[in-house]
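Colleague: Quick one: structure below, then a few questions.
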Amino acid sequence: MRRHTGRAVGRVVIAVASAGLALTMGAPPAVAQTPVTALGLGAPVSPIDARSAALGGTGIGFETGSVSARNPADIALYRQPVLGITYAPEGVSVKGDAGNADSGRSRMAVLRGAIPFDEWAAGVAFAAELDQDWQLSFVDTLSVEDGAFPFTEQRSQDGGLSSVNFTLARRLGSVSLGAEYAIVTGRLQQSFRRDFEPAIDDPSRFLGSVSGITDWEYSGRRFRFGAAVGLTDDIHLGGDVSLQGALTAERDTIGAEGLTRKFDMPAAFELGASARVSERLMLTGAGGWTGWSGAEGGSDDFVASNVVWAGIGAELTGTRLMGVNVPLRLGLRRTDLPFHPRGRDQLSERALTMGLGVRVAEEQARVDVAVEIGSRGDLGGSGVEESFQRLSITLALFQN
Amino acid sequence: MRRSLARHQRAVGLLLAGLGAASIGACTEDTLTGVDPDSAPGAGQATVEIELSATELPAWRDTTYTDYALAATSASKFVAQTADIRARILARFGTLPDSVFVGGERLAVERFESGRLRLVFDTTGSEVPEAGGSVEAYALTRDFVTREATWSNAADGDPWTAPGGDLGELLGALEIEELAADTMFLPLTVETDSLLRAWRAADGGTGLALLSPVDGTVLAVEQVVLAFDVKPVGRDTLVETLRSPTANTFVFDPPTPAPGAGLRLGGLPAARTYVSFELPESLSGVELRGARINRATLLLTSTGTPPAPFATTDTLLASIFSLLSNPFEFGPKTPVGVNTSNPVQILPEDMEAGGDLQLSITALVQNWAASDPDSMPELNLGVRVLPEGGGLAYWEFGHREDPARAPRVRIVFTPSTGFDLP
């Protein structure tokens with residue numbers, strides 16, 4: 001008599017690490033407790049500064065230039081060289097049927113420099129594009145004929161897409177025109193590791209650890225054209241159009257078979273406007289569309305959909321804090337997210353935004369801070385939900 | 001101008017501090033812990049278990065080879081007289097001296113004054129009746145060939161006149177009330193000088209046999225040594241001298257059954273199980289070669305308890321080892337590689353119930369999975385008991401054609417991670 005009976009033989013009889021198996025076998029995708037950075041090609045990052053973030057995520061159509069990397073025409077609005085960096089960490093609570101899991105992300109959203117000369121301006125910007133960072137761990141037990149083996153598993157993706165943008169803009173009276181060429185680049189490392197403990201009922205039995213790692217390298221390019229118009233001294237408009245080539249992803253791992261994937265990257269347009277309605281109050285609004293639906297890589301698990309976004313904001317100037325002028329900002333924004341589990345609703349992100357700014361170092365540097373409180377997706381509809389609190393800090397240096 | 005420069009430096013310092021802080025924390029994400037395993041995203045590959053019966057492996061071959069240890073080379077030799085078995089030790093002492101050293105001087109032997117056999121027992125493998133047992137030493141009237149002697153034959157094709165050995169004169173006897181000590185002496189009660197002179201003259205002559213006339217006696221004897229007292233020429237003192245046998249074996253009845261189709265481990269002559277098989281390159285679309293092998297086990301299913309006296313209640317050890325060539329081409333003398341795992345216990349209670357002997361072949365299958373298909377198409381391995389020749393007991397296991405008890409290979413493995421982008 002065998003110790004174990006009734007087993008199927010000659011085939012896979014037991015499978016574990018269910019989520020991984022489900023993905024491998026093409027079963028419905030896991031959705032709960034999934035960070036948005038794990039969906040599709042990741043979560044888009046708005047390459048905007050803290051002022052724009054506080055004003056509803058707009059960053060386009062301002063009367064003055066911004067150190068965001070949206071409208072290439074905006075750098076022509078600067079009268080002096082500028083260098084700005086925006087750092088945007090956020091706390092995240094990823095929701096799931098089994099409860100919430102807290103995490104945190106940090107990223108450099110944009111580093112923008114511009115030098116005006118005569119009616120021209122040239123600039124370069126390093127901008128975040130897609131955030132693919134996530135890592136998680138869980139414990140489970142593998143139950144096989146040889147025993148029950150508890151294990152700890154860690155999975156992670158480290159990397160994402162960013163762009164290096166070369167911009168040239170010219171002012172023509174009240175109109176500014178800009179053109180930009182961007183090299184889209186990035187790396188991604190995917191890894192997992194599973195460490196088994198000895199069998200529960202027989203510690204002399206053990207399973208070896210398992211790990212895997214793969215590196216990807218991205219390359220692509222993008223053209224962007226923009227214009228900014230001062231309709232009056234108080235009303236300004238801006239807009240831009242992006243055309244992007246295919247994104248190439250090459251698997252570059254020693255010992256692994258090479259693989260090249262191509263994704264059609266989206267065209268996009270954005271519009272924004274600002275109006276100074278009183279000496280102290282400026283209102284702004286912006287929106288845009290990105291044709292992400294063509295970027296679908298053929299995955300059974302995720303769908304890419306077009307994105308529409310909009311934001312509004314108000315800036316109150318003239319407020320003094322400890323003897324310093326401190327603009328106060330408030331805004332709201334809503335944006336779709338391009339990737340969502342197949343068969344589920346598209347995710348949207350909603351946030352209340354606020355912030356302030358202060359000039360320091362005798363007007364030669366500016367510090368802007370924004371706080372965004374919002375949520376992404378909903379567990380019932382899109383199968384993915386997370387709440388977030390993002391802090392954006394911009395340090396900008398001006399040369400007088 | 002200086003003030004402007006100072007302001008500028010402060011601003012640059014502020015920016016650099018910001019850049020530093022940003023670069024430290026750029027593009028990172030904290031670990032999400034305690035995620036539900038059933039819904040965790042990512043490309044963690046499943047760890048799966050497969051079990052393959054030998055009947056499902058077309059290239060599977062298995063067999064039993066014997067003679068890796070004989071009664072003559074067994075560490076313990078047996079004297080037994082029970083309903084299940086009779087066993088006798090045969091020995092020959094062929095190096096008796098004609099001179100001895102005394103005080104640095106070599107002196108001729110004038111006389112063998114007395115003699116005795118020193119017997120060292122394995123008390124855990126021995127038993128004597130409550131009323132006591134005995135061991136008797138008889139001169140053999142017929143020579144034997146050490147590696148060929150059996151209960152029936154003195155040598156191959158040369159039967160004893162009386163099975164068990166042709167006994168002559170009783171040389172001595174040892175009464176054993178209980179096995180209180182592991183060393184006892186059986187005194188030679190015949191005229192020692194003439195006996196040992198005859199043995200010396202004939203290189204041990206036909207030797208002697210040790211047997212027990214008392215039913216219920218089983219004595220595992222680890223050592224038989226001839227001890228004798230020599231009187232040198234010209235000296236009044238006696239010199240004790242020891243000699244190990246130049247030929248030593250034991251014969252037993254009934255003889256060990258020849259192996260059938262079942263796979264045997266142990267016994268005398270010692271049997272090994274040799275196996276050769278090929279694993280499939282993939283199963284159900286899952287690549288096996290190239291996968292991470294977490295654990296691999298060869299399962300041999302016991303056919304039950306062997307007949308007496310070859311059954312045992314002792315726990316034996318089984319060891320599995322690699323073979324450097326195909327054993328079905330090179331036979332019993334196929335070169336042996338390394339042990340692929342630590343020895344495992346063969347538990348009698350499991351084997352009696354027809355349970356599985358589970359032998360780890362993880363290292364072997366890992367080598368296979370990591371190798372090129374052309375360089376390692378098949379796996380060749382052997383199983384033996386440790387130590388070989390330790391006793392008559394053996395266990396048998398089902399072979400490929402035994403549908404209920406065919407060997408199986410169980411593998412827990414994790415296929416290569418199929419990282420991809422969506």
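We label chains A, B, ... in the order they appear in the structure tokens, count residues from 1 in each chain, and number ligands from 1 in the order shown.
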Please extract the residues of region 19-117 of chain A with a backbone DSSP assignment of alpha helix (DSSP H) and present them as a PyMOL selection string.

Modeller: chain A and resi 19-25+50-54

Colleague: Take the residues from that selection and write them out as a PDB file, in the first residue's frame, keeping N, CA and C atoms.

Modeller:
```
ATOM      1  N   ALA A  19      -0.770  33.535  -7.512  1.00  0.00           N
ATOM      2  CA  ALA A  19      -0.843  34.702  -8.385  1.00  0.00           C
ATOM      3  C   ALA A  19       0.113  34.555  -9.551  1.00  0.00           C
ATOM      4  N   GLY A  20       1.312  34.134  -9.226  1.00  0.00           N
ATOM      5  CA  GLY A  20       2.292  33.951 -10.279  1.00  0.00           C
ATOM      6  C   GLY A  20       1.831  32.904 -11.265  1.00  0.00           C
ATOM      7  N   LEU A  21       1.251  31.859 -10.757  1.00  0.00           N
ATOM      8  CA  LEU A  21       0.753  30.812 -11.635  1.00  0.00           C
ATOM      9  C   LEU A  21      -0.360  31.357 -12.506  1.00  0.00           C
ATOM     10  N   ALA A  22      -1.232  32.125 -11.899  1.00  0.00           N
ATOM     11  CA  ALA A  22      -2.339  32.663 -12.662  1.00  0.00           C
ATOM     12  C   ALA A  22      -1.826  33.520 -13.810  1.00  0.00           C
ATOM     13  N   LEU A  23      -0.834  34.322 -13.550  1.00  0.00           N
ATOM     14  CA  LEU A  23      -0.303  35.165 -14.607  1.00  0.00           C
ATOM     15  C   LEU A  23       0.348  34.319 -15.678  1.00  0.00           C
ATOM     16  N   THR A  24       1.046  33.298 -15.209  1.00  0.00           N
ATOM     17  CA  THR A  24       1.751  32.456 -16.157  1.00  0.00           C
ATOM     18  C   THR A  24       0.782  31.676 -17.026  1.00  0.00           C
ATOM     19  N   MET A  25      -0.252  31.204 -16.425  1.00  0.00           N
ATOM     20  CA  MET A  25      -1.180  30.349 -17.137  1.00  0.00           C
ATOM     21  C   MET A  25      -2.260  31.150 -17.870  1.00  0.00           C
ATOM     22  N   ALA A  50       5.999  71.841  -8.252  1.00  0.00           N
ATOM     23  CA  ALA A  50       5.088  71.847  -7.105  1.00  0.00           C
ATOM     24  C   ALA A  50       4.008  72.914  -7.247  1.00  0.00           C
ATOM     25  N   ARG A  51       4.342  74.019  -7.904  1.00  0.00           N
ATOM     26  CA  ARG A  51       3.312  75.051  -8.100  1.00  0.00           C
ATOM     27  C   ARG A  51       2.179  74.499  -8.958  1.00  0.00           C
ATOM     28  N   SER A  52       2.559  73.847 -10.039  1.00  0.00           N
ATOM     29  CA  SER A  52       1.545  73.274 -10.921  1.00  0.00           C
ATOM     30  C   SER A  52       0.757  72.186 -10.204  1.00  0.00           C
ATOM     31  N   ALA A  53       1.463  71.415  -9.391  1.00  0.00           N
ATOM     32  CA  ALA A  53       0.786  70.345  -8.652  1.00  0.00           C
ATOM     33  C   ALA A  53      -0.241  70.914  -7.700  1.00  0.00           C
ATOM     34  N   ALA A  54       0.110  72.032  -7.050  1.00  0.00           N
ATOM     35  CA  ALA A  54      -0.819  72.635  -6.094  1.00  0.00           C
ATOM     36  C   ALA A  54      -2.011  73.251  -6.805  1.00  0.00           C
TER      37      ALA A  54
END
```

Colleague: Do you know which residues are at most 9 Å from region 284-296 of chain B counting only C-alpha atoms, after dropping those on the same chain fewer than 5 positions away, and could you put them as a count of residues only?

Modeller: 34

Colleague: Interatomic distance between CA of Asp133 (chain A) and CA of Thr37 (chain A)?

Modeller: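 Separating CA of Asp133 (chain A) from CA of Thr37 (chain A) is a distance of 6.1 Å.
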
Colleague: Please list as a PDB file with C-alpha atoms, in the first residue's frame every residue within 12 Å of Gly173 (chain A), counting only C-alpha atoms and excluding residues in the same chain fewer than 5 positions away.

Modeller:
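Contents of result-v7.pdb, as written:
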```
ATOM      1  CA  ALA A  76      10.534  81.430 -23.645  1.00  0.00           C
ATOM      2  CA  LEU A  77       8.642  83.197 -20.855  1.00  0.00           C
ATOM      3  CA  GLU A 119      14.073  86.279 -28.011  1.00  0.00           C
ATOM      4  CA  TRP A 120      15.133  82.663 -27.889  1.00  0.00           C
ATOM      5  CA  ALA A 228       1.867  80.075 -25.394  1.00  0.00           C
ATOM      6  CA  VAL A 229      -0.194  83.166 -25.984  1.00  0.00           C
ATOM      7  CA  GLY A 230      -0.783  86.193 -23.830  1.00  0.00           C
ATOM      8  CA  LEU A 231      -4.250  87.281 -24.914  1.00  0.00           C
ATOM      9  CA  THR A 232      -4.134  90.185 -22.518  1.00  0.00           C
TER      10      THR A 232
END
```

Colleague: DSSP on the backbone: which residues in region 9-255 of chain B end up as strand (DSSP E or B)? Give the answer as JSON, numbers by chain.

Modeller: {"B": [28, 29, 31, 32, 48, 49, 50, 51, 52, 53, 61, 62, 63, 64, 65, 77, 78, 79, 80, 81, 86, 87, 88, 89, 90, 91, 92, 99, 100, 101, 102, 105, 106, 107, 108, 109, 110, 111, 112, 113, 114, 115, 116, 117, 118, 119, 120, 121, 127, 133, 134, 135, 136, 137, 138, 139, 140, 153, 154, 155, 158, 159, 167, 168, 169, 170, 171, 172, 173, 174, 175, 176, 183, 184, 185, 186, 187, 208, 209, 210, 211, 217, 218, 219, 220, 221, 222, 223, 224, 225, 226, 227, 228, 229, 230, 231, 232, 239, 240, 241, 242, 243, 247, 248, 249, 250, 251, 252, 253]}

Colleague: Quick check, in Å to one decimal: how far apart do CA of Asp301 (chain A) and CA of Ser106 (chain A) lie?

Modeller: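 Interatomic distance here is 26.7 Å.
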
Colleague: Restricting the calculation to only C-alpha atoms: of A:Phe166, A:Phe117, A:Phe223, A:Phe263, which residue gets closest to chain B?

Modeller: A:Phe263

Colleague: Could you pull the residues within 8 Å of region 344-354 of chain A, counting only C-alpha atoms, minus those fewer than 6 positions along the same chain, as an mmCIF file with C-alpha atoms, in the first residue's frame?

Modeller:
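Output file part_5.cif follows:
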```cif
data_model
loop_
_atom_site.group_PDB
_atom_site.id
_atom_site.type_symbol
_atom_site.label_atom_id
_atom_site.label_comp_id
_atom_site.auth_asym_id
_atom_site.auth_seq_id
_atom_site.Cartn_x
_atom_site.Cartn_y
_atom_site.Cartn_z
ATOM 1 C CA ALA A 53 0.786 70.345 -8.652
ATOM 2 C CA ALA A 54 -0.819 72.635 -6.094
ATOM 3 C CA LEU A 55 -2.910 74.262 -8.832
ATOM 4 C CA GLY A 56 -4.779 71.108 -9.775
ATOM 5 C CA GLY A 57 -1.927 69.502 -11.676
ATOM 6 C CA SER A 305 -7.216 52.944 -22.706
ATOM 7 C CA LEU A 328 -1.413 80.156 -1.363
ATOM 8 C CA ARG A 329 -2.746 77.630 -3.881
ATOM 9 C CA LEU A 330 -5.701 75.316 -4.063
ATOM 10 C CA GLY A 331 -6.904 72.998 -6.773
ATOM 11 C CA LEU A 332 -8.723 69.880 -7.886
ATOM 12 C CA ARG A 333 -7.834 67.437 -10.526
ATOM 13 C CA ARG A 334 -8.997 64.247 -12.127
ATOM 14 C CA THR A 335 -7.123 62.028 -14.542
ATOM 15 C CA ASP A 336 -7.658 58.637 -16.056
ATOM 16 C CA LEU A 337 -4.936 56.070 -15.717
ATOM 17 C CA PRO A 338 -4.110 54.233 -18.929
ATOM 18 C CA ALA A 370 2.359 71.086 -2.804
ATOM 19 C CA VAL A 371 0.291 68.517 -1.016
ATOM 20 C CA GLU A 372 -2.108 66.273 -2.917
ATOM 21 C CA ILE A 373 -4.589 64.053 -1.186
ATOM 22 C CA GLY A 374 -6.514 61.656 -3.321
ATOM 23 C CA SER A 375 -7.273 58.188 -4.494
ATOM 24 C CA ARG A 376 -6.885 56.005 -7.556
ATOM 25 C CA GLY A 377 -9.289 53.412 -8.844
ATOM 26 C CA ASP A 378 -11.931 51.629 -6.848
ATOM 27 C CA GLY A 381 -15.065 48.639 -10.372
ATOM 28 C CA SER A 382 -11.463 48.614 -11.453
ATOM 29 C CA GLY A 383 -10.291 45.960 -9.015
ATOM 30 C CA VAL A 384 -7.431 48.182 -7.911
#
```

Colleague: Find the residues around region 310-320 of chain B up to 9 Å (only C-alpha atoms counted), leave out those fewer than 2 positions away in its own chain, and share them as a count of residues only.

Modeller: 37

Colleague: What does the distance from CA of Ala149 (chain B) to CA of Pro245 (chain B) come to in Å, to one decimal?

Modeller: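 CA of Pro245 (chain B) lies 15.6 Å from CA of Ala149 (chain B).
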
Colleague: When you look at Asp240 (chain A) with a cut-off of 7 Å (counting only C-alpha atoms), what residues show up, excluding the ones that are within fewer than 2 positions of it in the same chain? I need them as a list in words.

Modeller: Asn71, Arg224, Phe225, Gly226, Ala227, Ser242, Phe269, Glu270 and Leu271 of chain A

Colleague: Take the residues from that selection and put them in a file with C-alpha atoms, as a short mmCIF file (atom, residue, chain, number, x, y, z; two decimals), in the first residue's frame.

Modeller:
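out_32.cif, freshly written:
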```cif
data_model
loop_
_atom_site.label_atom_id
_atom_site.label_comp_id
_atom_site.auth_asym_id
_atom_site.auth_seq_id
_atom_site.Cartn_x
_atom_site.Cartn_y
_atom_site.Cartn_z
CA ASN A 71 4.65 73.02 -22.89
CA ARG A 224 6.53 67.94 -28.90
CA PHE A 225 5.42 71.28 -30.18
CA GLY A 226 3.83 73.99 -28.10
CA ALA A 227 2.61 77.53 -28.08
CA SER A 242 3.18 65.32 -28.67
CA PHE A 269 -2.36 67.16 -26.62
CA GLU A 270 -2.79 69.52 -23.72
CA LEU A 271 -4.42 72.91 -23.28
#
```

Colleague: Using only C-alpha atoms for the distances, tell me which of A:Pro81, A:Gly380, A:Pro72, A:Gly212 is nearest to Pro116 (chain A).

Modeller: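 Residue with the minimum atom-to-atom distance to Pro116 (chain A): A:Pro81.
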
Colleague: Might you pull out every residue within 9 Å of Ile235 (chain A), with only C-alpha atoms counted and same-chain residues fewer than 6 positions away left off, and present them as number ranges by chain?

Modeller: A: 61-63, 229, 273-277
